[in-house]
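Participant: After the structure tokens below, expect a handful of questions from me.
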Amino acid sequence: MNWGMIGAGLVMGIAAMGSAIGIGIAGQGAIGAWKRCYLNNKPAPFLLVVFAGAPLTQTIYGFLLMNSLKGKVLAGAVDPLFSMALGLAAGLAMCMSAIAQGKAGAAGSDALGETGKGFTNYIMVVGLCETVALFAMVFGLIA
């Protein structure tokens, strides 16, 4: 059994789980905001889809790091146990980033749906949550 390949799979799987959870959280916020808009006969901003979909990118980062780890393991360029630990740690970092991003997206949806203002401010916070996953991917690629 090649333990290093488990690390490559872990990073992808854990990052994708975080994306799914984050999208679920942000999606609930968007749907709730749309419902309030409809109840108040206000236009429902389609822009809330941006908040709902934002956590999906962590799956892409997990995929990119998975491919890099896989190549390094097959080439014998990385210790298998290191690859496993890196896959677990980076996957968890991406997962938690996606969950935090989903929560920020849900709050942004609520605020934008209620006021119709502040999209730029809200998306900046969502982007800050994204930065953690980007750092985990880049530092994992460098390692």
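Chain lettering (A, B, ...) mirrors the order of the structure tokens, residue numbering begins at 1 for each chain separately, and ligand numbering begins at 1 in order of display.
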What are the closest atom pairs, with distances in Å to one decimal, for each residue of range 10-65 of chain A lying within 8 Å of range 107-117 of chain A, using only C-alpha atoms, rows by chain and rising residue number, as CSV?

Facilitator:
```
residue,atom,partner,partner_atom,distance
A:Ala26,CA,A:Ser109,CA,7.8
A:Gly29,CA,A:Ser109,CA,5.8
A:Ala30,CA,A:Ser109,CA,5.2
A:Gly32,CA,A:Asp110,CA,7.4
A:Ala33,CA,A:Gly113,CA,5.1
A:Trp34,CA,A:Gly113,CA,6.7
A:Arg36,CA,A:Gly113,CA,7.6
A:Cys37,CA,A:Gly113,CA,6.6
A:Ala44,CA,A:Gly113,CA,7.1
A:Pro45,CA,A:Gly113,CA,6.9
A:Leu48,CA,A:Ser109,CA,5.7
A:Phe51,CA,A:Ser109,CA,6.7
```

Participant: Any chance you could list, as a CSV table (one decimal) with N, CA and C atoms, in the first residue's frame, the residues in range 28-67 of chain A that come up alpha helix (DSSP H) when DSSP is run on the backbone?

Facilitator:
```csv
chain,number,residue,atom,x,y,z
A,28,GLN,N,-28.4,28.2,2.4
A,28,GLN,CA,-29.5,28.4,3.3
A,28,GLN,C,-29.7,29.9,3.6
A,29,GLY,N,-28.6,30.6,3.7
A,29,GLY,CA,-28.7,32.1,4.0
A,29,GLY,C,-29.3,32.8,2.8
A,30,ALA,N,-28.9,32.4,1.6
A,30,ALA,CA,-29.4,33.0,0.3
A,30,ALA,C,-30.9,32.8,0.2
A,31,ILE,N,-31.3,31.5,0.4
A,31,ILE,CA,-32.7,31.2,0.2
A,31,ILE,C,-33.5,31.9,1.3
A,32,GLY,N,-33.1,32.0,2.5
A,32,GLY,CA,-33.8,32.8,3.5
A,32,GLY,C,-33.9,34.3,3.1
A,33,ALA,N,-32.9,34.8,2.6
A,33,ALA,CA,-32.9,36.2,2.2
A,33,ALA,C,-33.9,36.4,1.0
A,34,TRP,N,-33.9,35.5,0.1
A,34,TRP,CA,-34.8,35.6,-1.1
A,34,TRP,C,-36.2,35.5,-0.6
A,35,LYS,N,-36.5,34.6,0.4
A,35,LYS,CA,-37.8,34.4,0.9
A,35,LYS,C,-38.3,35.7,1.5
A,36,ARG,N,-37.5,36.4,2.3
A,36,ARG,CA,-37.9,37.6,2.9
A,36,ARG,C,-38.1,38.7,1.9
A,37,CYS,N,-37.3,38.7,0.8
A,37,CYS,CA,-37.6,39.7,-0.2
A,37,CYS,C,-39.0,39.4,-0.9
A,38,TYR,N,-39.2,38.2,-1.2
A,38,TYR,CA,-40.5,37.9,-1.8
A,38,TYR,C,-41.7,38.2,-0.9
A,39,LEU,N,-41.6,37.9,0.4
A,39,LEU,CA,-42.6,38.3,1.4
A,39,LEU,C,-42.9,39.8,1.5
A,48,LEU,N,-26.9,37.0,-4.8
A,48,LEU,CA,-26.7,36.2,-3.6
A,48,LEU,C,-26.1,34.8,-4.0
A,49,VAL,N,-26.3,34.4,-5.3
A,49,VAL,CA,-25.7,33.2,-5.8
A,49,VAL,C,-24.2,33.2,-5.6
A,50,VAL,N,-23.6,34.4,-5.7
A,50,VAL,CA,-22.1,34.5,-5.5
A,50,VAL,C,-21.7,34.1,-4.1
A,51,PHE,N,-22.5,34.5,-3.1
A,51,PHE,CA,-22.2,34.0,-1.7
A,51,PHE,C,-22.4,32.5,-1.6
A,52,ALA,N,-23.5,32.0,-2.2
A,52,ALA,CA,-23.8,30.6,-2.0
A,52,ALA,C,-22.7,29.7,-2.7
A,53,GLY,N,-22.2,30.2,-3.8
A,53,GLY,CA,-21.2,29.3,-4.5
A,53,GLY,C,-19.8,29.5,-4.2
A,57,THR,N,-14.8,26.8,-4.4
A,57,THR,CA,-13.4,26.9,-4.9
A,57,THR,C,-12.4,26.0,-4.1
A,58,GLN,N,-12.8,25.7,-2.8
A,58,GLN,CA,-11.9,24.9,-2.0
A,58,GLN,C,-11.7,23.5,-2.6
A,59,THR,N,-12.7,23.0,-3.3
A,59,THR,CA,-12.6,21.7,-3.9
A,59,THR,C,-11.6,21.8,-5.0
A,60,ILE,N,-11.6,22.9,-5.8
A,60,ILE,CA,-10.6,23.1,-6.8
A,60,ILE,C,-9.2,23.1,-6.2
A,61,TYR,N,-9.0,23.8,-5.1
A,61,TYR,CA,-7.7,23.9,-4.5
A,61,TYR,C,-7.2,22.5,-4.0
A,62,GLY,N,-8.2,21.7,-3.5
A,62,GLY,CA,-7.9,20.3,-3.0
A,62,GLY,C,-7.5,19.5,-4.2
A,63,PHE,N,-8.2,19.6,-5.3
A,63,PHE,CA,-7.8,18.9,-6.5
A,63,PHE,C,-6.4,19.2,-7.0
A,64,LEU,N,-6.1,20.5,-7.1
A,64,LEU,CA,-4.8,20.9,-7.5
A,64,LEU,C,-3.7,20.4,-6.6
A,65,LEU,N,-3.9,20.5,-5.3
A,65,LEU,CA,-2.8,19.9,-4.4
A,65,LEU,C,-2.8,18.4,-4.5
A,66,MET,N,-3.9,17.7,-4.7
A,66,MET,CA,-4.0,16.3,-4.8
A,66,MET,C,-3.1,15.9,-6.0
A,67,ASN,N,-3.3,16.5,-7.1
A,67,ASN,CA,-2.5,16.2,-8.3
A,67,ASN,C,-1.0,16.4,-8.1
```

Participant: Excluding range 72-78 of chain A and residues on its chain fewer than 5 positions from it, collect all residues at most 9 Å away from it, counting only C-alpha atoms, and give them as a VMD selection string.

Facilitator: chain A and resid 2 4 to 5 8 67 83 143

Participant: Write a file of the just-selected residues containing all heavy atoms, as a PDB file, in the first residue's frame.

Facilitator:
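Final output, part.pdb:
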```
ATOM      1  N   ASN A   2       0.543   2.199  -0.834  1.00  0.00           N
ATOM      2  CA  ASN A   2       1.312   3.439  -0.912  1.00  0.00           C
ATOM      3  C   ASN A   2       0.633   4.497  -0.038  1.00  0.00           C
ATOM      4  O   ASN A   2      -0.358   5.117  -0.432  1.00  0.00           O
ATOM      5  CB  ASN A   2       1.408   3.905  -2.359  1.00  0.00           C
ATOM      6  CG  ASN A   2       2.403   5.026  -2.532  1.00  0.00           C
ATOM      7  OD1 ASN A   2       2.706   5.752  -1.578  1.00  0.00           O
ATOM      8  ND2 ASN A   2       2.900   5.185  -3.733  1.00  0.00           N
ATOM      9  N   GLY A   4       1.501   7.411   0.788  1.00  0.00           N
ATOM     10  CA  GLY A   4       1.542   8.764   0.242  1.00  0.00           C
ATOM     11  C   GLY A   4       0.342   9.085  -0.621  1.00  0.00           C
ATOM     12  O   GLY A   4      -0.153  10.220  -0.634  1.00  0.00           O
ATOM     13  N   MET A   5      -0.171   8.076  -1.328  1.00  0.00           N
ATOM     14  CA  MET A   5      -1.343   8.298  -2.169  1.00  0.00           C
ATOM     15  C   MET A   5      -2.596   8.544  -1.318  1.00  0.00           C
ATOM     16  O   MET A   5      -3.513   9.227  -1.752  1.00  0.00           O
ATOM     17  CB  MET A   5      -1.562   7.097  -3.097  1.00  0.00           C
ATOM     18  CG  MET A   5      -0.435   6.938  -4.118  1.00  0.00           C
ATOM     19  SD  MET A   5      -0.225   8.379  -5.166  1.00  0.00           S
ATOM     20  CE  MET A   5      -1.414   8.011  -6.416  1.00  0.00           C
ATOM     21  N   ALA A   8      -2.762  12.186  -0.786  1.00  0.00           N
ATOM     22  CA  ALA A   8      -3.288  12.891  -1.958  1.00  0.00           C
ATOM     23  C   ALA A   8      -4.811  12.801  -1.999  1.00  0.00           C
ATOM     24  O   ALA A   8      -5.491  13.788  -2.293  1.00  0.00           O
ATOM     25  CB  ALA A   8      -2.678  12.313  -3.235  1.00  0.00           C
ATOM     26  N   ASN A  67      -3.269  16.526  -7.135  1.00  0.00           N
ATOM     27  CA  ASN A  67      -2.487  16.170  -8.324  1.00  0.00           C
ATOM     28  C   ASN A  67      -1.001  16.384  -8.107  1.00  0.00           C
ATOM     29  O   ASN A  67      -0.179  15.577  -8.551  1.00  0.00           O
ATOM     30  CB  ASN A  67      -2.964  16.958  -9.542  1.00  0.00           C
ATOM     31  CG  ASN A  67      -4.216  16.367 -10.133  1.00  0.00           C
ATOM     32  OD1 ASN A  67      -4.501  15.189  -9.972  1.00  0.00           O
ATOM     33  ND2 ASN A  67      -4.986  17.189 -10.816  1.00  0.00           N
ATOM     34  N   SER A  83       3.512  13.066   3.012  1.00  0.00           N
ATOM     35  CA  SER A  83       2.403  13.321   2.088  1.00  0.00           C
ATOM     36  C   SER A  83       1.065  13.086   2.776  1.00  0.00           C
ATOM     37  O   SER A  83       0.115  13.858   2.599  1.00  0.00           O
ATOM     38  CB  SER A  83       2.526  12.416   0.863  1.00  0.00           C
ATOM     39  OG  SER A  83       1.389  12.524   0.041  1.00  0.00           O
ATOM     40  N   ALA A 143       5.786  22.727  -0.341  1.00  0.00           N
ATOM     41  CA  ALA A 143       6.392  21.694   0.524  1.00  0.00           C
ATOM     42  C   ALA A 143       6.756  20.519  -0.297  1.00  0.00           C
ATOM     43  O   ALA A 143       7.379  19.847  -0.621  1.00  0.00           O
ATOM     44  CB  ALA A 143       5.418  21.270   1.622  1.00  0.00           C
TER      45      ALA A 143
END
```

Participant: Taking only C-alpha atoms into account, name the residue in A:Gly13, A:Gly7, A:Pro80, A:Gly102 that is nearest to Leu128 in chain A.

Facilitator: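 That would be A:Gly102, the residue with the smallest distance to Leu128 in chain A.
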
Participant: Do you have the CA of Ala16 in chain A-CA of Gly118 in chain A distance handy?

Facilitator: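 Pair CA of Ala16 in chain A / CA of Gly118 in chain A returns 29.1 Å.
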
Participant: Write out as a VMD selection string the residues lying within 8 Å of Ser97 in chain A, counting only C-alpha atoms and excluding same-chain residues fewer than 3 positions away.

Facilitator: chain A and resid 18 58 93 to 94 100 to 101 129 to 130 132 to 133

Participant: The selected residues should be written to file as an mmCIF file, in the first residue's frame (atoms: N, CA, C and O atoms).

Facilitator:
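Below is the file out-v3.cif, written as the result:
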```cif
data_model
loop_
_atom_site.group_PDB
_atom_site.id
_atom_site.type_symbol
_atom_site.label_atom_id
_atom_site.label_comp_id
_atom_site.auth_asym_id
_atom_site.auth_seq_id
_atom_site.Cartn_x
_atom_site.Cartn_y
_atom_site.Cartn_z
ATOM 1 N N GLY A 18 -15.687 20.100 2.974
ATOM 2 C CA GLY A 18 -15.834 21.465 3.465
ATOM 3 C C GLY A 18 -16.621 22.325 2.494
ATOM 4 O O GLY A 18 -17.475 23.125 2.900
ATOM 5 N N GLN A 58 -12.756 25.724 -2.809
ATOM 6 C CA GLN A 58 -11.864 24.903 -1.998
ATOM 7 C C GLN A 58 -11.721 23.498 -2.578
ATOM 8 O O GLN A 58 -10.677 22.874 -2.439
ATOM 9 N N ALA A 93 -7.510 22.382 6.616
ATOM 10 C CA ALA A 93 -7.459 23.845 6.508
ATOM 11 C C ALA A 93 -8.429 24.342 5.433
ATOM 12 O O ALA A 93 -9.157 25.316 5.634
ATOM 13 N N MET A 94 -8.458 23.658 4.292
ATOM 14 C CA MET A 94 -9.372 24.035 3.217
ATOM 15 C C MET A 94 -10.822 23.805 3.634
ATOM 16 O O MET A 94 -11.714 24.614 3.324
ATOM 17 N N ALA A 100 -16.153 28.375 7.107
ATOM 18 C CA ALA A 100 -16.171 29.782 7.527
ATOM 19 C C ALA A 100 -16.697 30.667 6.404
ATOM 20 O O ALA A 100 -17.470 31.603 6.640
ATOM 21 N N GLN A 101 -16.312 30.352 5.179
ATOM 22 C CA GLN A 101 -16.776 31.130 4.035
ATOM 23 C C GLN A 101 -18.281 30.987 3.858
ATOM 24 O O GLN A 101 -18.970 31.956 3.531
ATOM 25 N N CYS A 129 -11.886 34.702 4.062
ATOM 26 C CA CYS A 129 -12.013 33.281 4.418
ATOM 27 C C CYS A 129 -11.358 32.406 3.349
ATOM 28 O O CYS A 129 -10.725 31.397 3.662
ATOM 29 N N GLU A 130 -11.487 32.797 2.108
ATOM 30 C CA GLU A 130 -10.901 32.065 0.979
ATOM 31 C C GLU A 130 -9.375 32.037 1.062
ATOM 32 O O GLU A 130 -8.734 31.059 0.678
ATOM 33 N N VAL A 132 -7.349 31.633 3.446
ATOM 34 C CA VAL A 132 -6.790 30.523 4.230
ATOM 35 C C VAL A 132 -6.601 29.294 3.340
ATOM 36 O O VAL A 132 -5.551 28.639 3.380
ATOM 37 N N ALA A 133 -7.591 28.976 2.525
ATOM 38 C CA ALA A 133 -7.486 27.823 1.630
ATOM 39 C C ALA A 133 -6.407 28.033 0.576
ATOM 40 O O ALA A 133 -5.667 27.106 0.241
#
```

Participant: Between CA of Phe119 in chain A and CA of Gly22 in chain A, what is the distance, to one decimal in Å?

Facilitator: 18.9 Å

Participant: If we count only C-alpha atoms and set the cut-off at 8 Å, which residues sit around Ser19 in chain A, ignoring sequence neighbours fewer than 4 positions away in its own chain? Please answer as an MDAnalysis selection string.

Facilitator: chainID A and resid 15 23 55:59 95 98:99

Participant: To one decimal in Å, tell me the separation between CA of Gly91 in chain A and CA of Ile123 in chain A.

Facilitator: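 Separation between CA of Gly91 in chain A and CA of Ile123 in chain A: 23.3 Å.
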